[in-house]
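Data block for protein.pdb (PDB, N, CA and C atoms):
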ATOM      1  N   MET A   1       0.818  -1.190   0.000
ATOM      2  CA  MET A   1       0.000   0.000   0.000
ATOM      3  C   MET A   1       0.865   1.259   0.000
ATOM      4  N   ALA A   2       1.987   1.243   0.705
ATOM      5  CA  ALA A   2       2.866   2.411   0.751
ATOM      6  C   ALA A   2       3.428   2.721  -0.628
ATOM      7  N   GLN A   3       3.641   1.699  -1.433
ATOM      8  CA  GLN A   3       4.171   1.909  -2.782
ATOM      9  C   GLN A   3       3.167   2.708  -3.619
ATOM     10  N   GLN A   4       1.882   2.434  -3.453
ATOM     11  CA  GLN A   4       0.871   3.165  -4.196
ATOM     12  C   GLN A   4       0.863   4.631  -3.794
ATOM     13  N   ASP A   5       1.043   4.927  -2.515
ATOM     14  CA  ASP A   5       1.070   6.315  -2.053
ATOM     15  C   ASP A   5       2.260   7.068  -2.638
ATOM     16  N   GLN A   6       3.400   6.394  -2.764
ATOM     17  CA  GLN A   6       4.587   7.047  -3.303
ATOM     18  C   GLN A   6       4.445   7.303  -4.790
ATOM     19  N   ASP A   7       3.715   6.441  -5.500
ATOM     20  CA  ASP A   7       3.561   6.589  -6.940
ATOM     21  C   ASP A   7       2.441   7.554  -7.309
ATOM     22  N   HIS A   8       1.668   8.000  -6.340
ATOM     23  CA  HIS A   8       0.543   8.887  -6.608
ATOM     24  C   HIS A   8       1.058  10.247  -7.059
ATOM     25  N   VAL A   9       0.516  10.728  -8.178
ATOM     26  CA  VAL A   9       0.878  12.041  -8.694
ATOM     27  C   VAL A   9      -0.302  12.966  -8.461
ATOM     28  N   ALA A  10      -0.024  14.132  -7.905
ATOM     29  CA  ALA A  10      -1.093  15.080  -7.587
ATOM     30  C   ALA A  10      -1.715  15.615  -8.871
ATOM     31  N   GLN A  11      -3.023  15.674  -8.885
ATOM     32  CA  GLN A  11      -3.761  16.260  -9.995
ATOM     33  C   GLN A  11      -3.776  17.775  -9.813
ATOM     34  N   PRO A  12      -4.027  18.540 -10.894
ATOM     35  CA  PRO A  12      -3.981  20.004 -10.777
ATOM     36  C   PRO A  12      -4.871  20.585  -9.689
ATOM     37  N   GLY A  13      -6.053  20.044  -9.442
ATOM     38  CA  GLY A  13      -6.942  20.602  -8.437
ATOM     39  C   GLY A  13      -6.721  20.032  -7.047
ATOM     40  N   GLU A  14      -5.850  19.035  -6.935
ATOM     41  CA  GLU A  14      -5.625  18.357  -5.660
ATOM     42  C   GLU A  14      -4.527  19.071  -4.877
ATOM     43  N   MET A  15      -4.783  19.321  -3.583
ATOM     44  CA  MET A  15      -3.797  20.028  -2.767
ATOM     45  C   MET A  15      -3.270  19.106  -1.684
ATOM     46  N   HIS A  16      -1.982  19.192  -1.414
ATOM     47  CA  HIS A  16      -1.357  18.456  -0.322
ATOM     48  C   HIS A  16      -1.168  19.416   0.839
ATOM     49  N   PRO A  17      -1.231  18.933   2.068
ATOM     50  CA  PRO A  17      -1.017  19.828   3.210
ATOM     51  C   PRO A  17       0.377  20.452   3.173
ATOM     52  N   ALA A  18       0.463  21.693   3.581
ATOM     53  CA  ALA A  18       1.758  22.375   3.644
ATOM     54  C   ALA A  18       2.571  21.793   4.789
ATOM     55  N   ALA A  19       3.875  21.973   4.697
ATOM     56  CA  ALA A  19       4.753  21.521   5.778
ATOM     57  C   ALA A  19       4.393  22.284   7.051
ATOM     58  N   PRO A  20       4.423  21.611   8.196
ATOM     59  CA  PRO A  20       4.077  22.319   9.442
ATOM     60  C   PRO A  20       5.065  23.447   9.725
ATOM     61  N   ILE A  21       4.553  24.539  10.230
ATOM     62  CA  ILE A  21       5.383  25.698  10.546
ATOM     63  C   ILE A  21       5.871  25.550  11.975
ATOM     64  N   THR A  22       7.187  25.556  12.160
ATOM     65  CA  THR A  22       7.761  25.385  13.488
ATOM     66  C   THR A  22       8.106  26.715  14.158
ATOM     67  N   SER A  23       8.209  27.776  13.380
ATOM     68  CA  SER A  23       8.534  29.083  13.926
ATOM     69  C   SER A  23       7.251  29.867  14.213
ATOM     70  N   ARG A  24       7.115  30.357  15.436
ATOM     71  CA  ARG A  24       5.938  31.159  15.788
ATOM     72  C   ARG A  24       5.855  32.417  14.935
ATOM     73  N   PHE A  25       7.003  32.997  14.635
ATOM     74  CA  PHE A  25       7.037  34.242  13.881
ATOM     75  C   PHE A  25       6.600  34.012  12.439
ATOM     76  N   LEU A  26       7.055  32.917  11.841
ATOM     77  CA  LEU A  26       6.627  32.576  10.491
ATOM     78  C   LEU A  26       5.135  32.278  10.474
ATOM     79  N   PHE A  27       4.635  31.577  11.488
ATOM     80  CA  PHE A  27       3.213  31.267  11.582
ATOM     81  C   PHE A  27       2.384  32.552  11.580
ATOM     82  N   VAL A  28       2.800  33.526  12.374
ATOM     83  CA  VAL A  28       2.076  34.790  12.462
ATOM     84  C   VAL A  28       2.132  35.528  11.130
ATOM     85  N   ASP A  29       3.287  35.523  10.474
ATOM     86  CA  ASP A  29       3.413  36.196   9.172
ATOM     87  C   ASP A  29       2.496  35.573   8.131
ATOM     88  N   VAL A  30       2.493  34.246   8.049
ATOM     89  CA  VAL A  30       1.658  33.551   7.062
ATOM     90  C   VAL A  30       0.182  33.790   7.361
ATOM     91  N   ALA A  31      -0.214  33.704   8.636
ATOM     92  CA  ALA A  31      -1.611  33.923   9.008
ATOM     93  C   ALA A  31      -2.040  35.365   8.735
ATOM     94  N   ALA A  32      -1.152  36.323   8.967
ATOM     95  CA  ALA A  32      -1.487  37.729   8.710
ATOM     96  C   ALA A  32      -1.689  37.975   7.218
ATOM     97  N   GLN A  33      -0.841  37.379   6.394
ATOM     98  CA  GLN A  33      -1.007  37.525   4.954
ATOM     99  C   GLN A  33      -2.310  36.887   4.488
ATOM    100  N   ARG A  34      -2.650  35.727   5.055
ATOM    101  CA  ARG A  34      -3.897  35.061   4.684
ATOM    102  C   ARG A  34      -5.099  35.880   5.150
ATOM    103  N   ALA A  35      -5.036  36.479   6.340
ATOM    104  CA  ALA A  35      -6.133  37.321   6.825
ATOM    105  C   ALA A  35      -6.323  38.524   5.902
ATOM    106  N   LYS A  36      -5.240  39.071   5.409
ATOM    107  CA  LYS A  36      -5.322  40.192   4.475
ATOM    108  C   LYS A  36      -6.032  39.753   3.192
ATOM    109  N   GLN A  37      -5.697  38.549   2.703
ATOM    110  CA  GLN A  37      -6.370  38.029   1.512
ATOM    111  C   GLN A  37      -7.867  37.864   1.766
ATOM    112  N   LEU A  38      -8.228  37.339   2.934
ATOM    113  CA  LEU A  38      -9.641  37.137   3.273
ATOM    114  C   LEU A  38     -10.377  38.473   3.363
ATOM    115  N   ARG A  39      -9.735  39.489   3.955
ATOM    116  CA  ARG A  39     -10.362  40.812   4.051
ATOM    117  C   ARG A  39     -10.600  41.421   2.681
ATOM    118  N   ARG A  40      -9.734  41.073   1.725
ATOM    119  CA  ARG A  40      -9.874  41.603   0.363
ATOM    120  C   ARG A  40     -10.823  40.780  -0.501
ATOM    121  N   GLY A  41     -11.455  39.760   0.090
ATOM    122  CA  GLY A  41     -12.491  39.042  -0.637
ATOM    123  C   GLY A  41     -12.189  37.601  -1.004
ATOM    124  N   ALA A  42     -11.042  37.070  -0.622
ATOM    125  CA  ALA A  42     -10.735  35.672  -0.913
ATOM    126  C   ALA A  42     -11.698  34.767  -0.146
ATOM    127  N   LEU A  43     -12.015  33.631  -0.726
ATOM    128  CA  LEU A  43     -12.925  32.695  -0.081
ATOM    129  C   LEU A  43     -12.171  31.813   0.908
ATOM    130  N   PRO A  44     -12.783  31.515   2.053
ATOM    131  CA  PRO A  44     -12.132  30.608   3.012
ATOM    132  C   PRO A  44     -11.950  29.223   2.406
ATOM    133  N   ARG A  45     -10.880  28.547   2.771
ATOM    134  CA  ARG A  45     -10.587  27.215   2.245
ATOM    135  C   ARG A  45     -11.080  26.105   3.158
ATOM    136  N   LEU A  46     -11.571  26.456   4.327
ATOM    137  CA  LEU A  46     -12.126  25.471   5.252
ATOM    138  C   LEU A  46     -13.634  25.637   5.314
ATOM    139  N   GLU A  47     -14.329  24.516   5.428
ATOM    140  CA  GLU A  47     -15.776  24.561   5.615
ATOM    141  C   GLU A  47     -16.057  24.931   7.062
ATOM    142  N   ARG A  48     -16.974  25.839   7.277
ATOM    143  CA  ARG A  48     -17.285  26.278   8.638
ATOM    144  C   ARG A  48     -18.263  25.365   9.334
ATOM    145  N   GLY A  49     -19.007  24.561   8.617
ATOM    146  CA  GLY A  49     -19.890  23.575   9.229
ATOM    147  C   GLY A  49     -20.877  24.146  10.233
ATOM    148  N   GLY A  50     -21.684  25.071   9.841
ATOM    149  CA  GLY A  50     -22.669  25.648  10.760
ATOM    150  C   GLY A  50     -22.114  26.829  11.523
ATOM    151  N   VAL A  51     -22.536  26.967  12.753
ATOM    152  CA  VAL A  51     -22.171  28.118  13.576
ATOM    153  C   VAL A  51     -20.900  27.845  14.384
ATOM    154  N   GLN A  52     -20.410  26.618  14.384
ATOM    155  CA  GLN A  52     -19.303  26.226  15.250
ATOM    156  C   GLN A  52     -17.975  26.882  14.882
ATOM    157  N   GLY A  53     -17.763  27.249  13.624
ATOM    158  CA  GLY A  53     -16.473  27.772  13.186
ATOM    159  C   GLY A  53     -16.216  29.190  13.655
ATOM    160  N   PRO A  54     -14.982  29.660  13.510
ATOM    161  CA  PRO A  54     -14.645  31.031  13.920
ATOM    162  C   PRO A  54     -15.324  32.053  13.011
ATOM    163  N   HIS A  55     -15.598  33.229  13.555
ATOM    164  CA  HIS A  55     -16.289  34.264  12.795
ATOM    165  C   HIS A  55     -15.330  35.327  12.273
ATOM    166  N   LYS A  56     -14.345  35.680  13.054
ATOM    167  CA  LYS A  56     -13.420  36.724  12.633
ATOM    168  C   LYS A  56     -12.472  36.170  11.573
ATOM    169  N   LEU A  57     -12.152  36.992  10.593
ATOM    170  CA  LEU A  57     -11.304  36.545   9.497
ATOM    171  C   LEU A  57      -9.905  36.171   9.976
ATOM    172  N   GLU A  58      -9.423  36.844  11.016
ATOM    173  CA  GLU A  58      -8.108  36.509  11.550
ATOM    174  C   GLU A  58      -8.105  35.097  12.131
ATOM    175  N   ARG A  59      -9.192  34.730  12.816
ATOM    176  CA  ARG A  59      -9.302  33.378  13.383
ATOM    177  C   ARG A  59      -9.419  32.333  12.277
ATOM    178  N   VAL A  60     -10.140  32.671  11.217
ATOM    179  CA  VAL A  60     -10.249  31.764  10.069
ATOM    180  C   VAL A  60      -8.868  31.543   9.464
ATOM    181  N   ALA A  61      -8.100  32.623   9.300
ATOM    182  CA  ALA A  61      -6.763  32.526   8.725
ATOM    183  C   ALA A  61      -5.852  31.663   9.595
ATOM    184  N   VAL A  62      -5.890  31.848  10.907
ATOM    185  CA  VAL A  62      -5.063  31.062  11.819
ATOM    186  C   VAL A  62      -5.434  29.584  11.715
ATOM    187  N   GLU A  63      -6.711  29.290  11.653
ATOM    188  CA  GLU A  63      -7.162  27.901  11.556
ATOM    189  C   GLU A  63      -6.729  27.276  10.221
ATOM    190  N   GLU A  64      -6.792  28.043   9.147
ATOM    191  CA  GLU A  64      -6.351  27.542   7.844
ATOM    192  C   GLU A  64      -4.864  27.232   7.853
ATOM    193  N   VAL A  65      -4.069  28.105   8.434
ATOM    194  CA  VAL A  65      -2.624  27.867   8.502
ATOM    195  C   VAL A  65      -2.331  26.676   9.411
ATOM    196  N   ARG A  66      -3.023  26.595  10.539
ATOM    197  CA  ARG A  66      -2.796  25.496  11.484
ATOM    198  C   ARG A  66      -3.090  24.135  10.862
ATOM    199  N   THR A  67      -4.138  24.052  10.039
ATOM    200  CA  THR A  67      -4.508  22.780   9.429
ATOM    201  C   THR A  67      -3.701  22.460   8.180
ATOM    202  N   GLY A  68      -2.906  23.401   7.688
ATOM    203  CA  GLY A  68      -2.024  23.118   6.559
ATOM    204  C   GLY A  68      -2.640  23.307   5.186
ATOM    205  N   VAL A  69      -3.776  23.979   5.087
ATOM    206  CA  VAL A  69      -4.381  24.184   3.777
ATOM    207  C   VAL A  69      -3.803  25.393   3.050
ATOM    208  N   ILE A  70      -2.996  26.184   3.722
ATOM    209  CA  ILE A  70      -2.378  27.353   3.115
ATOM    210  C   ILE A  70      -0.953  26.998   2.697
ATOM    211  N   GLN A  71      -0.672  27.145   1.410
ATOM    212  CA  GLN A  71       0.672  26.916   0.883
ATOM    213  C   GLN A  71       1.443  28.237   0.972
ATOM    214  N   TYR A  72       2.703  28.164   1.294
ATOM    215  CA  TYR A  72       3.510  29.374   1.416
ATOM    216  C   TYR A  72       4.917  29.088   0.898
ATOM    217  N   THR A  73       5.619  30.133   0.524
ATOM    218  CA  THR A  73       7.018  30.013   0.118
ATOM    219  C   THR A  73       7.836  31.006   0.937
ATOM    220  N   LEU A  74       9.061  30.653   1.188
ATOM    221  CA  LEU A  74       9.951  31.525   1.946
ATOM    222  C   LEU A  74      10.824  32.316   0.987
ATOM    223  N   PRO A  75      11.127  33.573   1.306
ATOM    224  CA  PRO A  75      12.047  34.341   0.469
ATOM    225  C   PRO A  75      13.428  33.693   0.487
ATOM    226  N   THR A  76      14.212  33.963  -0.531
ATOM    227  CA  THR A  76      15.527  33.332  -0.640
ATOM    228  C   THR A  76      16.464  33.758   0.478
ATOM    229  N   ASN A  77      16.266  34.923   1.080
ATOM    230  CA  ASN A  77      17.164  35.391   2.134
ATOM    231  C   ASN A  77      16.550  35.184   3.515
ATOM    232  N   TYR A  78      15.728  34.154   3.698
ATOM    233  CA  TYR A  78      14.996  33.961   4.947
ATOM    234  C   TYR A  78      15.860  33.488   6.109
ATOM    235  N   GLU A  79      17.053  33.007   5.864
ATOM    236  CA  GLU A  79      17.859  32.385   6.909
ATOM    237  C   GLU A  79      18.373  33.358   7.966
ATOM    238  N   GLY A  80      17.794  34.516   8.072
ATOM    239  CA  GLY A  80      18.146  35.428   9.143
ATOM    240  C   GLY A  80      19.015  36.588   8.715
ATOM    241  N   SER A  81      19.479  36.588   7.484
ATOM    242  CA  SER A  81      20.313  37.701   7.066
ATOM    243  C   SER A  81      19.434  38.876   6.668
ATOM    244  N   PRO A  82      19.850  40.094   6.999
ATOM    245  CA  PRO A  82      19.077  41.266   6.593
ATOM    246  C   PRO A  82      19.057  41.390   5.079
ATOM    247  N   ARG A  83      18.033  42.018   4.568
ATOM    248  CA  ARG A  83      17.939  42.194   3.119
ATOM    249  C   ARG A  83      19.091  43.055   2.621
ATOM    250  N   GLY A  84      19.619  42.676   1.481
ATOM    251  CA  GLY A  84      20.685  43.445   0.856
ATOM    252  C   GLY A  84      22.062  43.105   1.361
ATOM    253  N   VAL A  85      22.198  42.215   2.330
ATOM    254  CA  VAL A  85      23.495  41.829   2.854
ATOM    255  C   VAL A  85      23.845  40.459   2.290
ATOM    256  N   ASN A  86      25.006  40.368   1.660
ATOM    257  CA  ASN A  86      25.436  39.081   1.104
ATOM    258  C   ASN A  86      25.886  38.149   2.205
ATOM    259  N   LYS A  87      25.693  36.848   1.991
ATOM    260  CA  LYS A  87      26.062  35.850   2.980
ATOM    261  C   LYS A  87      27.508  35.395   2.823
ATOM    262  N   GLU A  88      28.220  35.932   1.901
ATOM    263  CA  GLU A  88      29.595  35.481   1.646
ATOM    264  C   GLU A  88      30.543  35.879   2.722
TER     265      GLU A  88
END
The structure given in the file should be rewritten as structure tokens.
Amino acid sequence: MAQQDQDHVAQPGEMHPAAPITSRFLFVDVAAQRAKQLRRGALPRLERGGVQGPHKLERVAVEEVRTGVIQYTLPTNYEGSPRGVNKE
């Protein structure tokens, strides 16, 4: 069965969970960007299932990031160096 999972190729509409975020600061940055997208009219990616889900867009964004439905990329200079400073 594991061999079948490894051979599975993602279809264009199929999404895989994002890698878990281990940095609190990165988590906050990703959630803030997602909340901004939601405020500008983006549709939530999680089903709210009645009244039980969060109402504020910031809470929706945090829940989306926590569950891994939000894909993100890191800038090339993310390893802690200030922008414009070479690592050499």
With the PyMOL selection byres ((chain A and resi 20) around 8) as the selection, what would be picked from this file? Answer as JSON, numbers by chain, please.
{"A": [17, 18, 19, 21, 22, 23, 65, 66, 67, 68]}
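Residues matched by the PyMOL selection byres ((chain A and resi 33-47) around 6.5) in this structure: Val28, Asp29, Val30, Ala31, Ala32, Arg48, Gly49, Gly50, Leu57, Glu58, Ala61 and Glu64 of chain A.
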Expected file contents, prior selection, N, CA and C atoms, as a PDB file, keeping the file's coordinate frame:
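Final output, saved to selection27.pdb:
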ATOM      1  N   VAL A  28       2.800  33.526  12.374  1.00  0.00           N
ATOM      2  CA  VAL A  28       2.076  34.790  12.462  1.00  0.00           C
ATOM      3  C   VAL A  28       2.132  35.528  11.130  1.00  0.00           C
ATOM      4  N   ASP A  29       3.287  35.523  10.474  1.00  0.00           N
ATOM      5  CA  ASP A  29       3.413  36.196   9.172  1.00  0.00           C
ATOM      6  C   ASP A  29       2.496  35.573   8.131  1.00  0.00           C
ATOM      7  N   VAL A  30       2.493  34.246   8.049  1.00  0.00           N
ATOM      8  CA  VAL A  30       1.658  33.551   7.062  1.00  0.00           C
ATOM      9  C   VAL A  30       0.182  33.790   7.361  1.00  0.00           C
ATOM     10  N   ALA A  31      -0.214  33.704   8.636  1.00  0.00           N
ATOM     11  CA  ALA A  31      -1.611  33.923   9.008  1.00  0.00           C
ATOM     12  C   ALA A  31      -2.040  35.365   8.735  1.00  0.00           C
ATOM     13  N   ALA A  32      -1.152  36.323   8.967  1.00  0.00           N
ATOM     14  CA  ALA A  32      -1.487  37.729   8.710  1.00  0.00           C
ATOM     15  C   ALA A  32      -1.689  37.975   7.218  1.00  0.00           C
ATOM     16  N   ARG A  48     -16.974  25.839   7.277  1.00  0.00           N
ATOM     17  CA  ARG A  48     -17.285  26.278   8.638  1.00  0.00           C
ATOM     18  C   ARG A  48     -18.263  25.365   9.334  1.00  0.00           C
ATOM     19  N   GLY A  49     -19.007  24.561   8.617  1.00  0.00           N
ATOM     20  CA  GLY A  49     -19.890  23.575   9.229  1.00  0.00           C
ATOM     21  C   GLY A  49     -20.877  24.146  10.233  1.00  0.00           C
ATOM     22  N   GLY A  50     -21.684  25.071   9.841  1.00  0.00           N
ATOM     23  CA  GLY A  50     -22.669  25.648  10.760  1.00  0.00           C
ATOM     24  C   GLY A  50     -22.114  26.829  11.523  1.00  0.00           C
ATOM     25  N   LEU A  57     -12.152  36.992  10.593  1.00  0.00           N
ATOM     26  CA  LEU A  57     -11.304  36.545   9.497  1.00  0.00           C
ATOM     27  C   LEU A  57      -9.905  36.171   9.976  1.00  0.00           C
ATOM     28  N   GLU A  58      -9.423  36.844  11.016  1.00  0.00           N
ATOM     29  CA  GLU A  58      -8.108  36.509  11.550  1.00  0.00           C
ATOM     30  C   GLU A  58      -8.105  35.097  12.131  1.00  0.00           C
ATOM     31  N   ALA A  61      -8.100  32.623   9.300  1.00  0.00           N
ATOM     32  CA  ALA A  61      -6.763  32.526   8.725  1.00  0.00           C
ATOM     33  C   ALA A  61      -5.852  31.663   9.595  1.00  0.00           C
ATOM     34  N   GLU A  64      -6.792  28.043   9.147  1.00  0.00           N
ATOM     35  CA  GLU A  64      -6.351  27.542   7.844  1.00  0.00           C
ATOM     36  C   GLU A  64      -4.864  27.232   7.853  1.00  0.00           C
TER      37      GLU A  64
END
Quick check, in Å to one decimal: how far apart do atom N of Arg59 (chain A) and CA of Pro75 (chain A) lie?
24.6 Å
